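Visitor: Pasting a structure below so you can have a look.
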Amino acid sequence: MRIGEKFCPGVMHAVEAKDGLLLRIRVPGGLMSASQLEVVASLSHLFGDGNVEITSRANLQLRAVRAEDLLTIQHTLASAGLFPSPQHDRIRNIVTSPLAGLDLKELLDTRPLVRELDRRLQAETLFTELHPKFSFGLHGDHQRFTHEPDDLSLEACKNGSLMRLAIAGVNTDCCVLTETAVDCLVEGSRRLIELGKSAEVPIRAKRIITIPEAFNRLIGSLSSMLVPCSAAARQPDFVEVSQGVFPASQSGLVNIIPSIPLGRVSSQQASAIAEVVKQWNGDLRLAPWRGVVLGAMPVKSQKEIAEVLQSVGLLWNGQDGFHGITACAGSSGCDASLADVRADASLLAQRLASKLAPARWTVNFSGCDKQCARRHGASAELIASDSGYLLKINGEDIKQNCSAEAAIEAVAKFHTLRVSEVATV
């Protein structure tokens with residue numbers, strides 16, 4: 001069962017928004033080249049609103065596109081390798097660590113698996129039946145950078161030769177050999193399509209496994225590839241998103257993570273990121289915290305890299321106040337939004353600039369009760385209505401019909417309280 005054309009945009013499935021057409025560009029695993037980012041930046045400058053948005057599954061978005069420019073954009077993206085299959089335009093969510101191949105502690109570099117899985121998915125028209133939000137996870141260790149569960153995922157364990165299977169975010173007692181990992185995910189998605197279609201439900205694992213016997217049938221269909229896991233299952237380590245400079249897996253190289261306020265860069269900033277990565281032969285990644293990683297950059301060139309990025313307003317000192325803050329498109333880009341949430345989020349960031357961010361600090365700004373950009377378990381949530389914001393702190397309703405100024409003041413005070421609590425521990 002597929003959802004309507006008005007949801008989950010793609011390149012062939014442009015969605016009408018308040019500011020024009022919205023396009024989403026698939027970037028499996030967040031793996032893209034600097035040259036590809038340059039192409040997207042140029043398209044945004046020529047045919048969009050001049051910004052490039054990064055999504056929570058490490059894809060890209062262009063806004064304010066005109067219908068008459070769609071064909072040019074599609075051809076340009078195809079030439080850049082960013083639109084390889086029109087049929088699989090919205091089958092795109094393959095999630096992995098943005099530090100795959102760059103992390104000293106990982107058990108397995110998942111990039112080859114990401115690429116092979118993407119190739120296999122695009123090779124069969126059957127997989128166009130997957131729900132556009134269906135997500136595959138390939139994890140090289142216990143680290144996660146988002147709390148959102150994948151429909152099907154595999155996590156490296158032991159010495160990286162085995163991967164544990166999880167379904168809808170729930171660990172099973174089964175592993176697969178890493179060499180058959182892609183086979184397992186492909187076959188598993190085939191069976192989920194079969195089960196979902198027979199039950200006439202959306203093809204999402206969390207929905208299908210509630211059907212009687214569906215879980216057992218799914219596991220049974222994969223039995224020839226599954227082996228018992230000797231190690232006890234453990235919950236993943238949810239890694240707090242950081243900014244700054246971190247050691248890379250190779251000596252003399254570092255990974256640089258700048259701040260990307262509200263997951264959006266201007267075309268000029270995107271071009272600057274691409275320029276830096278190309279000049280120093282780095283490794284560009286999109287990240288599920290709606291950011292970027294400039295991987296494998298030379299330690300000795302940090303000062304020069306900082307100067308280039310700072311010249312276009314990109315910092316990595318964690319002092320801009322945007323740490324942990326996210327917002328939907330808001331009234332400037334969405335007819336459903338009841339507030340300019342991006343402007344209000346920026347006002348909160350100004351209040352928090354130069355202040356220490358407490359651990360696990362997250363704030364959601366939502367323009368309506370659909371809460372499109374919501375992250376579960378946020379420290380604070382501001383949900384717009386006709387009469388003001390509903391303010392939630394730690395999941396509890398604090399105040400309704402709250403003005404933007406009052407809501408921002410309350411969240412800033414809560415931020416100060418959280419910082420002081422940490423300081424006294």
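The chains in the structure tokens are called A, B, ... from first to last as shown; in each chain the residues are counted from 1, and the ligands are counted from 1 in the order shown.
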Per DSSP on the backbone, filter segment 238-395 of chain A down to the residues in helix (DSSP H, G or I) and report them as a short mmCIF file (atom, residue, chain, number, x, y, z; two decimals) with N, CA and C atoms, in the first residue's frame.
Guide:
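states08.cif, written as the output of this step:
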```cif
data_model
loop_
_atom_site.label_atom_id
_atom_site.label_comp_id
_atom_site.auth_asym_id
_atom_site.auth_seq_id
_atom_site.Cartn_x
_atom_site.Cartn_y
_atom_site.Cartn_z
N PRO A 261 22.95 25.39 11.36
CA PRO A 261 21.73 25.83 12.06
C PRO A 261 20.46 25.38 11.36
N LEU A 262 19.62 24.67 12.12
CA LEU A 262 18.31 24.20 11.66
C LEU A 262 18.41 23.35 10.39
N GLY A 263 19.56 22.72 10.19
CA GLY A 263 19.73 21.79 9.08
C GLY A 263 19.71 22.43 7.71
N SER A 267 23.36 28.27 -0.52
CA SER A 267 24.11 27.71 -1.64
C SER A 267 25.57 28.13 -1.56
N GLN A 268 25.84 29.33 -1.05
CA GLN A 268 27.22 29.78 -0.88
C GLN A 268 27.95 28.93 0.15
N GLN A 269 27.28 28.63 1.27
CA GLN A 269 27.90 27.80 2.30
C GLN A 269 28.12 26.38 1.80
N ALA A 270 27.14 25.84 1.09
CA ALA A 270 27.30 24.48 0.54
C ALA A 270 28.48 24.43 -0.43
N SER A 271 28.62 25.46 -1.25
CA SER A 271 29.75 25.51 -2.18
C SER A 271 31.08 25.60 -1.44
N ALA A 272 31.10 26.36 -0.33
CA ALA A 272 32.32 26.49 0.46
C ALA A 272 32.71 25.15 1.09
N ILE A 273 31.71 24.41 1.60
CA ILE A 273 31.99 23.08 2.16
C ILE A 273 32.58 22.18 1.09
N ALA A 274 31.96 22.18 -0.08
CA ALA A 274 32.47 21.35 -1.19
C ALA A 274 33.88 21.77 -1.58
N GLU A 275 34.13 23.05 -1.63
CA GLU A 275 35.47 23.55 -1.99
C GLU A 275 36.53 23.08 -1.02
N VAL A 276 36.22 23.17 0.27
CA VAL A 276 37.17 22.75 1.31
C VAL A 276 37.47 21.27 1.19
N VAL A 277 36.42 20.45 1.03
CA VAL A 277 36.60 19.00 0.94
C VAL A 277 37.44 18.64 -0.29
N LYS A 278 37.17 19.30 -1.41
CA LYS A 278 37.94 19.02 -2.63
C LYS A 278 39.38 19.48 -2.50
N GLN A 279 39.58 20.66 -1.95
CA GLN A 279 40.94 21.22 -1.86
C GLN A 279 41.85 20.36 -1.00
N VAL A 299 45.32 17.47 9.66
CA VAL A 299 45.46 18.20 10.93
C VAL A 299 46.15 19.54 10.72
N LYS A 300 47.17 19.56 9.91
CA LYS A 300 47.99 20.76 9.73
C LYS A 300 47.24 21.88 9.00
N SER A 301 46.10 21.59 8.40
CA SER A 301 45.37 22.59 7.63
C SER A 301 44.13 23.12 8.36
N GLN A 302 43.97 22.78 9.64
CA GLN A 302 42.78 23.18 10.37
C GLN A 302 42.55 24.69 10.35
N LYS A 303 43.60 25.46 10.53
CA LYS A 303 43.45 26.92 10.58
C LYS A 303 42.94 27.45 9.24
N GLU A 304 43.50 26.97 8.15
CA GLU A 304 43.06 27.44 6.83
C GLU A 304 41.62 27.02 6.55
N ILE A 305 41.27 25.80 6.94
CA ILE A 305 39.90 25.31 6.74
C ILE A 305 38.92 26.16 7.54
N ALA A 306 39.29 26.46 8.78
CA ALA A 306 38.43 27.28 9.64
C ALA A 306 38.20 28.65 9.02
N GLU A 307 39.23 29.24 8.45
CA GLU A 307 39.09 30.56 7.85
C GLU A 307 38.12 30.56 6.68
N VAL A 308 38.19 29.51 5.85
CA VAL A 308 37.29 29.42 4.69
C VAL A 308 35.84 29.28 5.17
N LEU A 309 35.61 28.39 6.12
CA LEU A 309 34.25 28.17 6.60
C LEU A 309 33.71 29.37 7.37
N GLN A 310 34.55 29.97 8.20
CA GLN A 310 34.12 31.15 8.95
C GLN A 310 33.76 32.31 8.03
N VAL A 341 8.21 29.50 12.86
CA VAL A 341 8.97 28.77 13.87
C VAL A 341 10.48 28.86 13.64
N ARG A 342 10.91 29.00 12.41
CA ARG A 342 12.35 29.11 12.15
C ARG A 342 12.89 30.42 12.71
N ALA A 343 12.11 31.49 12.56
CA ALA A 343 12.53 32.77 13.14
C ALA A 343 12.54 32.68 14.66
N ASP A 344 11.54 32.03 15.25
CA ASP A 344 11.49 31.90 16.71
C ASP A 344 12.63 31.01 17.22
N ALA A 345 12.94 29.95 16.48
CA ALA A 345 14.07 29.09 16.86
C ALA A 345 15.38 29.88 16.82
N SER A 346 15.52 30.76 15.84
CA SER A 346 16.73 31.58 15.76
C SER A 346 16.81 32.56 16.92
N LEU A 347 15.66 33.07 17.37
CA LEU A 347 15.65 33.97 18.54
C LEU A 347 16.09 33.23 19.80
N LEU A 348 15.63 31.97 19.94
CA LEU A 348 16.09 31.17 21.08
C LEU A 348 17.59 30.94 21.00
N ALA A 349 18.09 30.63 19.80
CA ALA A 349 19.54 30.42 19.64
C ALA A 349 20.32 31.66 20.04
N GLN A 350 19.81 32.84 19.70
CA GLN A 350 20.48 34.08 20.11
C GLN A 350 20.57 34.18 21.63
N ARG A 351 19.49 33.75 22.32
CA ARG A 351 19.49 33.78 23.79
C ARG A 351 20.50 32.81 24.38
N LEU A 352 20.73 31.69 23.67
CA LEU A 352 21.61 30.66 24.22
C LEU A 352 23.04 30.73 23.70
#
```
Visitor: Can you tell me which residues surround segment 229-238 of chain A at a distance of at most 8 Å, considering only C-alpha atoms, apart from same-chain residues fewer than 2 positions away, and format the answer as a ChimeraX atom specification?
Guide: /A:142-147,158,164,171-175,227,240
Visitor: Residues of the last selection are to be written out with N, CA and C atoms, as a compact mmCIF listing (two decimals), in the first residue's frame.
Guide:
```txt
# COMPACT_ATOMS: atom_id res chain seq x y z
N HIS A 142 27.87 -0.05 18.09
CA HIS A 142 26.67 0.22 18.89
C HIS A 142 26.22 1.67 18.81
N GLN A 143 26.97 2.53 18.16
CA GLN A 143 26.63 3.94 18.16
C GLN A 143 25.43 4.23 17.25
N ARG A 144 24.56 5.13 17.73
CA ARG A 144 23.46 5.64 16.91
C ARG A 144 23.45 7.16 17.05
N PHE A 145 23.04 7.80 15.99
CA PHE A 145 22.99 9.26 16.00
C PHE A 145 21.55 9.76 15.88
N THR A 146 20.59 8.86 15.99
CA THR A 146 19.18 9.21 16.02
C THR A 146 18.44 8.14 16.80
N HIS A 147 17.35 8.55 17.46
CA HIS A 147 16.54 7.61 18.22
C HIS A 147 15.47 6.94 17.36
N LYS A 158 30.70 -8.81 17.63
CA LYS A 158 31.89 -9.65 17.67
C LYS A 158 33.07 -8.86 17.10
N ARG A 164 23.92 -8.34 14.00
CA ARG A 164 22.67 -8.70 14.66
C ARG A 164 21.48 -8.03 13.96
N ASN A 171 15.68 -5.68 18.86
CA ASN A 171 16.70 -6.69 18.61
C ASN A 171 16.10 -8.09 18.61
N THR A 172 16.57 -8.91 17.68
CA THR A 172 16.23 -10.32 17.69
C THR A 172 17.40 -11.09 18.30
N ASP A 173 17.24 -12.39 18.43
CA ASP A 173 18.34 -13.24 18.92
C ASP A 173 19.14 -13.81 17.76
N CYS A 174 19.01 -13.19 16.60
CA CYS A 174 19.61 -13.75 15.39
C CYS A 174 20.66 -12.82 14.80
N CYS A 175 21.69 -13.45 14.24
CA CYS A 175 22.72 -12.72 13.51
C CYS A 175 22.83 -13.28 12.09
N VAL A 227 21.95 -17.09 12.10
CA VAL A 227 22.70 -17.90 13.07
C VAL A 227 22.43 -17.32 14.45
N GLU A 240 25.53 11.80 21.45
CA GLU A 240 25.13 13.20 21.35
C GLU A 240 25.93 13.88 20.24
```
Visitor: Distance atom CA of Val176 of chain A-atom CA of Ala248 of chain A, one decimal place?
Guide: 28.5 Å
Visitor: Excluding Asn317 of chain A and residues on its chain fewer than 6 positions from it, collect all residues at most 8 Å away from it, counting only C-alpha atoms, and give them as a PyMOL selection string.
Guide: chain A and resi 243-244+258
Visitor: Would you list, as a PyMOL selection string, the residues of segment 27-265 of chain A that end up in strand (DSSP E) under DSSP run on this structure's backbone?
Guide: chain A and resi 51-54+60-65+93-96+135-139+143-144+152-157+162-167+170-177+226-228+237-238+244-247+253-257+264-265
Visitor: Using only C-alpha atoms for the distances, tell me which of A:Arg207, A:His139, A:Lys133, A:His415 is nearest to Pro112 of chain A.
Guide: A:His139
Visitor: Would you pick out the contacts of Leu390 of chain A at 6 Å or less, using only C-alpha atoms, so that residues sharing its chain but fewer than 4 positions from it are not included, and give the list as a list of chain:residue names?
Guide: A:Leu382, A:Ile383, A:Lys399, A:Gln400
Visitor: I need the residues from that last selection saved to file as a tab-separated table (two decimals), in the first residue's frame (with N, CA and C atoms), if you can.
Guide:
```tsv
chain	number	residue	atom	x	y	z
A	382	LEU	N	7.82	23.22	21.41
A	382	LEU	CA	6.96	24.37	21.20
A	382	LEU	C	6.10	24.08	19.98
A	383	ILE	N	4.79	23.93	20.19
A	383	ILE	CA	3.87	23.53	19.13
A	383	ILE	C	2.90	24.67	18.89
A	399	LYS	N	2.38	25.05	29.50
A	399	LYS	CA	1.53	26.21	29.29
A	399	LYS	C	0.97	26.19	27.88
A	400	GLN	N	-0.29	26.60	27.73
A	400	GLN	CA	-0.91	26.73	26.43
A	400	GLN	C	-1.08	28.20	26.07
```
Visitor: Just the residues within 12 Å of Phe47 of chain A, please, counting only C-alpha atoms, with nothing from its chain fewer than 5 positions along; format it as a ChimeraX atom specification.
Guide: /A:20-23,39-42,52,62-74,76,267
Visitor: Could you dump the residues just selected with C-alpha atoms as a short mmCIF file (atom, residue, chain, number, x, y, z; two decimals), in the first residue's frame?
Guide:
```cif
data_model
loop_
_atom_site.label_atom_id
_atom_site.label_comp_id
_atom_site.auth_asym_id
_atom_site.auth_seq_id
_atom_site.Cartn_x
_atom_site.Cartn_y
_atom_site.Cartn_z
CA GLY A 20 6.83 26.57 -4.46
CA LEU A 21 7.72 22.96 -5.20
CA LEU A 22 9.67 20.91 -2.67
CA LEU A 23 12.14 18.27 -3.94
CA VAL A 39 25.78 20.57 -8.26
CA VAL A 40 22.99 20.73 -5.67
CA ALA A 41 24.21 24.14 -4.46
CA SER A 42 24.18 25.44 -8.02
CA VAL A 52 20.02 23.40 0.70
CA LEU A 62 15.45 21.97 -2.46
CA ARG A 63 12.62 24.45 -1.90
CA ALA A 64 10.78 27.09 -3.94
CA VAL A 65 11.32 25.28 -7.24
CA ARG A 66 9.17 26.21 -10.25
CA ALA A 67 7.41 23.56 -12.33
CA GLU A 68 9.03 24.78 -15.54
CA ASP A 69 12.50 24.08 -14.11
CA LEU A 70 11.83 20.51 -12.99
CA LEU A 71 13.07 18.80 -16.13
CA THR A 72 16.38 20.69 -16.07
CA ILE A 73 16.87 19.85 -12.40
CA GLN A 74 16.09 16.17 -12.99
CA THR A 76 21.27 17.72 -13.94
CA SER A 267 24.11 27.71 -1.64
#
```
Visitor: One decimal, in Å: what's the spacing between atom CA of Pro212 of chain A and atom CA of Gly188 of chain A?
Guide: 17.3 Å
Visitor: With only C-alpha atoms as the atoms that count, which of A:Ser259, A:Ile167, A:Pro247, A:Gln61 lies nearest to Lys105 of chain A?
Guide: A:Pro247
Visitor: Would you mind listing what lies within 9 Å of Leu218 of chain A as a list in words, with only C-alpha atoms counted and same-chain residues fewer than 4 positions away left out?
Guide: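 Contacts, with the query itself left out: Gly188, Arg191, Leu192, Leu195, Ile209, Glu213, Ala214, Leu222 and Ser223 of chain A.
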Visitor: When distances are computed from only C-alpha atoms, which of A:Val114, A:Ile393, A:Ala199, A:Met32 shows the smallest separation from Gly81 of chain A?
Guide: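 Closest to Gly81 of chain A of all the choices is A:Met32.
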Visitor: Write out as a ChimeraX atom specification each polymer residue whose atoms come within 6 Å of Asp150 of chain A, counting only C-alpha atoms; drop sequence neighbours fewer than 4 positions from it.
Guide: /A:135-137,168-169
Visitor: How close does each residue of segment 136-200 of chain A get to segment 123-128 of chain A, giving the shortest atom pair and distance in Å to one decimal for every residue with an atom at most 10 Å away, counting only C-alpha atoms, sorted by chain and residue number, as a tab-separated table?
Guide:
```
residue	atom	partner	partner_atom	distance
A:Val186	CA	A:Phe127	CA	9.1
A:Ser189	CA	A:Phe127	CA	7.9
A:Arg190	CA	A:Phe127	CA	7.5
A:Ile193	CA	A:Phe127	CA	8.0
```
Visitor: Provide the atom CA of Ala380 of chain A to atom CA of Cys402 of chain A distance in Å, to one decimal place.
Guide: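 Atom CA of Cys402 of chain A lies at a distance of 13.7 Å from atom CA of Ala380 of chain A.
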Visitor: With distances taken over only C-alpha atoms, which residue among A:Asp49, A:Asp89, A:Glu200, A:Glu155 lies nearest Ile25 of chain A?
Guide: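 Nearest candidate to Ile25 of chain A out of A:Asp49, A:Asp89, A:Glu200, A:Glu155: A:Asp89.
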Visitor: Considering only C-alpha atoms, can you say which of A:Tyr389, A:Trp280, A:Phe134, A:Phe215 comes closest to Gly295 of chain A?
Guide: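 So, comparing all the options, the nearest one is A:Trp280.
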